[in-house]
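Student: Dropping the structure in here first, questions after.
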Amino acid sequence: MDHFLNIRPLYVAIAAMVCLCAVVGCGEELQVRDVKRIEEKVSPAEFESYKSIINSLPEQVVPALPSTLLPRPHWTQERTLPIQDLVRQENDNFEERWSVEDLTRQMPKSRELLRALRRERMTPEQFVGLTLTIGAALSADAVDAKIDLAEVIEKGQKQVKELEADQTAFSSLSDELAHEVLSRAAWITVVNRARVLLKVPPENLLLVREHREWLDKVFPGDLKGDPLAELTNVMQDRGIPFDELPESGSDEQIRWDAKEALVGEISPRQER
């Protein structure tokens, strides 16, 4: 009995090793690493693995993916849904643009890409996650440094919350009110894009700056440019303040007198 008790731990250890070997042998293509999220740091090793995959492809560029840049809302007055439901749809559509699962299903899976993924022991989902994470860092690095993303989100959210509470059917609005609602709805796009950019950790910004030359060659335009550039007029018109300088005076000091106003048409010659 004592002899049996002495060898029992050995049997247990051997059985455990056999199970471990079986798991490793059957799952060599699986990875312990999770799907990367935008707010997570990309390690140098992960970046080199990603770079190796891209460089091994025939075109040596990131495989084509649907654009992450959802356009600003362009609702027609045939839309009978309440404004709050249209806002919800816009947010859902934006989430789909950044969904790893959706993009993985739409990514072209060439034989060369699948072979490279197996070599680096990376799943398609992990590859897409890294693509979005690195792309978000590239976009954040391209944003004008003078823009405060947190401030943009705070100001834009005030506009969005009003729309989220509006139960008016969009089709019932007059042309003038519909135009006003659509102008405010552009803030949905601003806020959603700014939220993605604000998630990017500083380590990823440093990483893409170090490898910017290579990344500019392999990444699509919508994941390496400034996603807020086309929305500058929206941010300027809706609550992004300008500073009143002492030498220019304050708006409160401006006085208007109807008797002194010049009324009339301006000829094309005068405009020039």
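Residues in the structure tokens are numbered from 1 in each chain, the chains being A, B, ... in the order shown, and ligands are numbered from 1 in the order shown.
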For Pro124 in chain A, find every residue with an atom within 9 Å (counting only C-alpha atoms), except residues of its own chain fewer than 3 positions away, and show them as number ranges by chain.
Tutor: A: 104, 107, 109, 114, 117, 127-129
Student: Need to verify the contact set: range 150-163 of chain A, 8 Å, only C-alpha atoms, exclusion of same-chain residues closer than 3 positions in sequence. Can you return it as a list of chain:residue names?
Tutor: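 My reading of the contact set: A:Ile83, A:Gln84, A:Val87, A:Ile147, A:Asp166, A:Val181, A:Arg184, A:Ala185, A:Trp187, A:Ile188, A:Val190, A:Val191, A:Ala194, A:Arg195, A:Leu198, A:Met235, A:Arg238, A:Gly239, A:Ile240.
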Student: Neighbouring residues of Asp85 in chain A were defined as those with any atom within 10 Å, considering only C-alpha atoms; residues of the same chain fewer than 4 positions away were excluded. Please report them as a PyMOL selection string.
Tutor: chain A and resi 80-81+89-91+163-170
Student: Let's have the selection written as a compact mmCIF listing (two decimals), in the first residue's frame, with all heavy atoms.
Tutor:
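selection.txt written:
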# COMPACT_ATOMS: atom_id res chain seq x y z
N THR A 80 -39.92 58.31 -41.73
CA THR A 80 -41.05 58.51 -40.82
C THR A 80 -40.70 58.19 -39.36
O THR A 80 -41.52 58.42 -38.47
CB THR A 80 -42.23 57.61 -41.24
OG1 THR A 80 -41.80 56.24 -41.25
CG2 THR A 80 -42.72 58.00 -42.63
N LEU A 81 -39.50 57.68 -39.12
CA LEU A 81 -39.12 57.35 -37.75
C LEU A 81 -38.95 58.62 -36.91
O LEU A 81 -38.60 59.68 -37.44
CB LEU A 81 -37.80 56.57 -37.74
CG LEU A 81 -37.84 55.12 -38.21
CD1 LEU A 81 -36.44 54.55 -38.24
CD2 LEU A 81 -38.73 54.28 -37.29
N GLN A 89 -30.10 54.61 -34.73
CA GLN A 89 -29.61 53.89 -35.91
C GLN A 89 -28.22 54.36 -36.30
O GLN A 89 -27.36 53.54 -36.67
CB GLN A 89 -30.58 54.08 -37.07
CG GLN A 89 -31.84 53.25 -36.99
CD GLN A 89 -32.70 53.39 -38.25
OE1 GLN A 89 -32.42 54.20 -39.13
NE2 GLN A 89 -33.76 52.60 -38.33
N GLU A 90 -27.99 55.66 -36.25
CA GLU A 90 -26.66 56.18 -36.59
C GLU A 90 -25.59 55.62 -35.66
O GLU A 90 -24.51 55.22 -36.11
CB GLU A 90 -26.66 57.72 -36.51
CG GLU A 90 -27.46 58.40 -37.59
CD GLU A 90 -26.86 58.24 -38.97
OE1 GLU A 90 -25.63 58.12 -39.09
OE2 GLU A 90 -27.64 58.21 -39.95
N ASN A 91 -25.90 55.57 -34.36
CA ASN A 91 -24.93 55.03 -33.40
C ASN A 91 -24.69 53.54 -33.64
O ASN A 91 -23.56 53.07 -33.54
CB ASN A 91 -25.43 55.27 -31.97
CG ASN A 91 -25.35 56.74 -31.56
OD1 ASN A 91 -24.48 57.47 -32.02
ND2 ASN A 91 -26.25 57.16 -30.70
N LEU A 163 -31.31 65.57 -29.39
CA LEU A 163 -31.87 64.79 -30.48
C LEU A 163 -32.35 63.42 -29.99
O LEU A 163 -33.36 62.90 -30.46
CB LEU A 163 -30.84 64.61 -31.59
CG LEU A 163 -30.37 65.88 -32.30
CD1 LEU A 163 -29.28 65.55 -33.31
CD2 LEU A 163 -31.53 66.59 -32.99
N GLU A 164 -31.62 62.84 -29.03
CA GLU A 164 -32.00 61.54 -28.49
C GLU A 164 -33.32 61.58 -27.73
O GLU A 164 -33.98 60.55 -27.55
CB GLU A 164 -30.89 61.02 -27.57
CG GLU A 164 -29.64 60.59 -28.30
CD GLU A 164 -28.52 60.21 -27.36
OE1 GLU A 164 -28.50 60.70 -26.21
OE2 GLU A 164 -27.65 59.41 -27.77
N ALA A 165 -33.70 62.78 -27.28
CA ALA A 165 -34.96 62.93 -26.54
C ALA A 165 -36.11 63.38 -27.42
O ALA A 165 -37.25 63.48 -26.96
CB ALA A 165 -34.76 63.92 -25.40
N ASP A 166 -35.83 63.64 -28.70
CA ASP A 166 -36.85 64.18 -29.61
C ASP A 166 -37.65 63.04 -30.25
O ASP A 166 -37.11 62.24 -31.00
CB ASP A 166 -36.17 65.02 -30.69
CG ASP A 166 -37.14 65.94 -31.41
OD1 ASP A 166 -38.34 65.59 -31.47
OD2 ASP A 166 -36.70 66.99 -31.93
N GLN A 167 -38.94 63.01 -29.96
CA GLN A 167 -39.80 61.95 -30.49
C GLN A 167 -40.56 62.38 -31.75
O GLN A 167 -41.43 61.66 -32.24
CB GLN A 167 -40.80 61.52 -29.42
CG GLN A 167 -40.14 60.96 -28.17
CD GLN A 167 -41.15 60.51 -27.12
OE1 GLN A 167 -42.32 60.36 -27.42
NE2 GLN A 167 -40.68 60.30 -25.91
N THR A 168 -40.20 63.54 -32.29
CA THR A 168 -40.87 64.04 -33.49
C THR A 168 -40.50 63.21 -34.71
O THR A 168 -39.32 62.88 -34.91
CB THR A 168 -40.48 65.51 -33.75
OG1 THR A 168 -40.69 66.28 -32.56
CG2 THR A 168 -41.29 66.09 -34.89
N ALA A 169 -41.48 62.86 -35.50
CA ALA A 169 -41.19 62.15 -36.75
C ALA A 169 -40.46 63.09 -37.70
O ALA A 169 -40.90 64.22 -37.92
CB ALA A 169 -42.48 61.65 -37.39
N PHE A 170 -39.35 62.62 -38.23
CA PHE A 170 -38.55 63.50 -39.08
C PHE A 170 -39.34 63.95 -40.31
O PHE A 170 -39.19 65.09 -40.77
CB PHE A 170 -37.27 62.78 -39.51
CG PHE A 170 -36.30 63.66 -40.23
CD1 PHE A 170 -35.55 64.60 -39.55
CD2 PHE A 170 -36.13 63.56 -41.62
CE1 PHE A 170 -34.65 65.43 -40.22
CE2 PHE A 170 -35.24 64.37 -42.28
CZ PHE A 170 -34.50 65.31 -41.58
Student: I'd like to know which residues of range 14-262 of chain A are alpha helix (DSSP H) (by DSSP, run on the backbone); could you write them as a VMD selection string?
Tutor: chain A and resid 14 to 26 44 to 56 83 to 97 100 to 106 111 to 119 124 to 142 149 to 164 175 to 199 202 to 210 212 to 218 232 to 237
Student: Neighbouring residues of Pro108 in chain A were defined as those with any atom within 9 Å, considering only C-alpha atoms; residues of the same chain fewer than 5 positions away were excluded. Please report them as a list in words.
Tutor: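 Here the qualifying residues turn out to be Pro63, Ala64, Leu65 and Leu113 of chain A.
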Student: Which residues are near Leu205 in chain A? Cut-off 7 Å, only C-alpha atoms, ignore same chain within fewer than 4 positions. Put them as a PDB file with all heavy atoms, in the first residue's frame.
Tutor:
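Written out: around03.pdb:
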ATOM      1  N   ALA A 137      -4.831  54.642 -33.838  1.00  0.00           N
ATOM      2  CA  ALA A 137      -3.673  55.418 -33.384  1.00  0.00           C
ATOM      3  C   ALA A 137      -3.155  56.325 -34.493  1.00  0.00           C
ATOM      4  O   ALA A 137      -2.780  57.482 -34.251  1.00  0.00           O
ATOM      5  CB  ALA A 137      -2.575  54.483 -32.897  1.00  0.00           C
ATOM      6  N   ASP A 141      -3.161  60.386 -34.276  1.00  0.00           N
ATOM      7  CA  ASP A 141      -1.916  61.139 -34.451  1.00  0.00           C
ATOM      8  C   ASP A 141      -2.046  62.208 -35.529  1.00  0.00           C
ATOM      9  O   ASP A 141      -1.299  63.180 -35.537  1.00  0.00           O
ATOM     10  CB  ASP A 141      -0.784  60.168 -34.807  1.00  0.00           C
ATOM     11  CG  ASP A 141       0.576  60.837 -34.810  1.00  0.00           C
ATOM     12  OD1 ASP A 141       0.897  61.553 -33.835  1.00  0.00           O
ATOM     13  OD2 ASP A 141       1.315  60.660 -35.793  1.00  0.00           O
ATOM     14  N   PRO A 201      -4.213  54.915 -26.428  1.00  0.00           N
ATOM     15  CA  PRO A 201      -3.215  55.179 -25.386  1.00  0.00           C
ATOM     16  C   PRO A 201      -1.974  55.870 -25.961  1.00  0.00           C
ATOM     17  O   PRO A 201      -1.659  55.700 -27.146  1.00  0.00           O
ATOM     18  CB  PRO A 201      -2.872  53.778 -24.874  1.00  0.00           C
ATOM     19  CG  PRO A 201      -3.174  52.865 -26.016  1.00  0.00           C
ATOM     20  CD  PRO A 201      -4.327  53.486 -26.752  1.00  0.00           C
ATOM     21  N   ARG A 209       4.119  56.768 -34.620  1.00  0.00           N
ATOM     22  CA  ARG A 209       5.025  57.835 -35.045  1.00  0.00           C
ATOM     23  C   ARG A 209       6.393  57.258 -35.436  1.00  0.00           C
ATOM     24  O   ARG A 209       7.015  57.716 -36.396  1.00  0.00           O
ATOM     25  CB  ARG A 209       5.193  58.855 -33.920  1.00  0.00           C
ATOM     26  CG  ARG A 209       3.974  59.738 -33.706  1.00  0.00           C
ATOM     27  CD  ARG A 209       4.051  60.537 -32.428  1.00  0.00           C
ATOM     28  NE  ARG A 209       2.785  61.215 -32.154  1.00  0.00           N
ATOM     29  CZ  ARG A 209       2.468  61.783 -30.996  1.00  0.00           C
ATOM     30  NH1 ARG A 209       3.339  61.755 -29.986  1.00  0.00           N
ATOM     31  NH2 ARG A 209       1.288  62.368 -30.833  1.00  0.00           N
TER      32      ARG A 209
END
Student: Quick one: distance from CA of Pro66 in chain A to CA of Asp102 in chain A in Å, one decimal?
Tutor: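 These atoms are spaced 9.7 Å apart.
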Student: Give the answer as one residue: which of A:Arg193, A:Arg212, A:Lys217, A:Arg118 has the shortest atom-to-atom distance to Ala229 in chain A, using only C-alpha atoms?
Tutor: A:Arg193
Student: Looking at A:Asp34, A:Glu96, A:Glu180, A:Glu213, which one is nearest to Glu46 in chain A, with distances taken over only C-alpha atoms?
Tutor: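 Ranking A:Asp34, A:Glu96, A:Glu180, A:Glu213 by distance to Glu46 in chain A, first place goes to A:Asp34.
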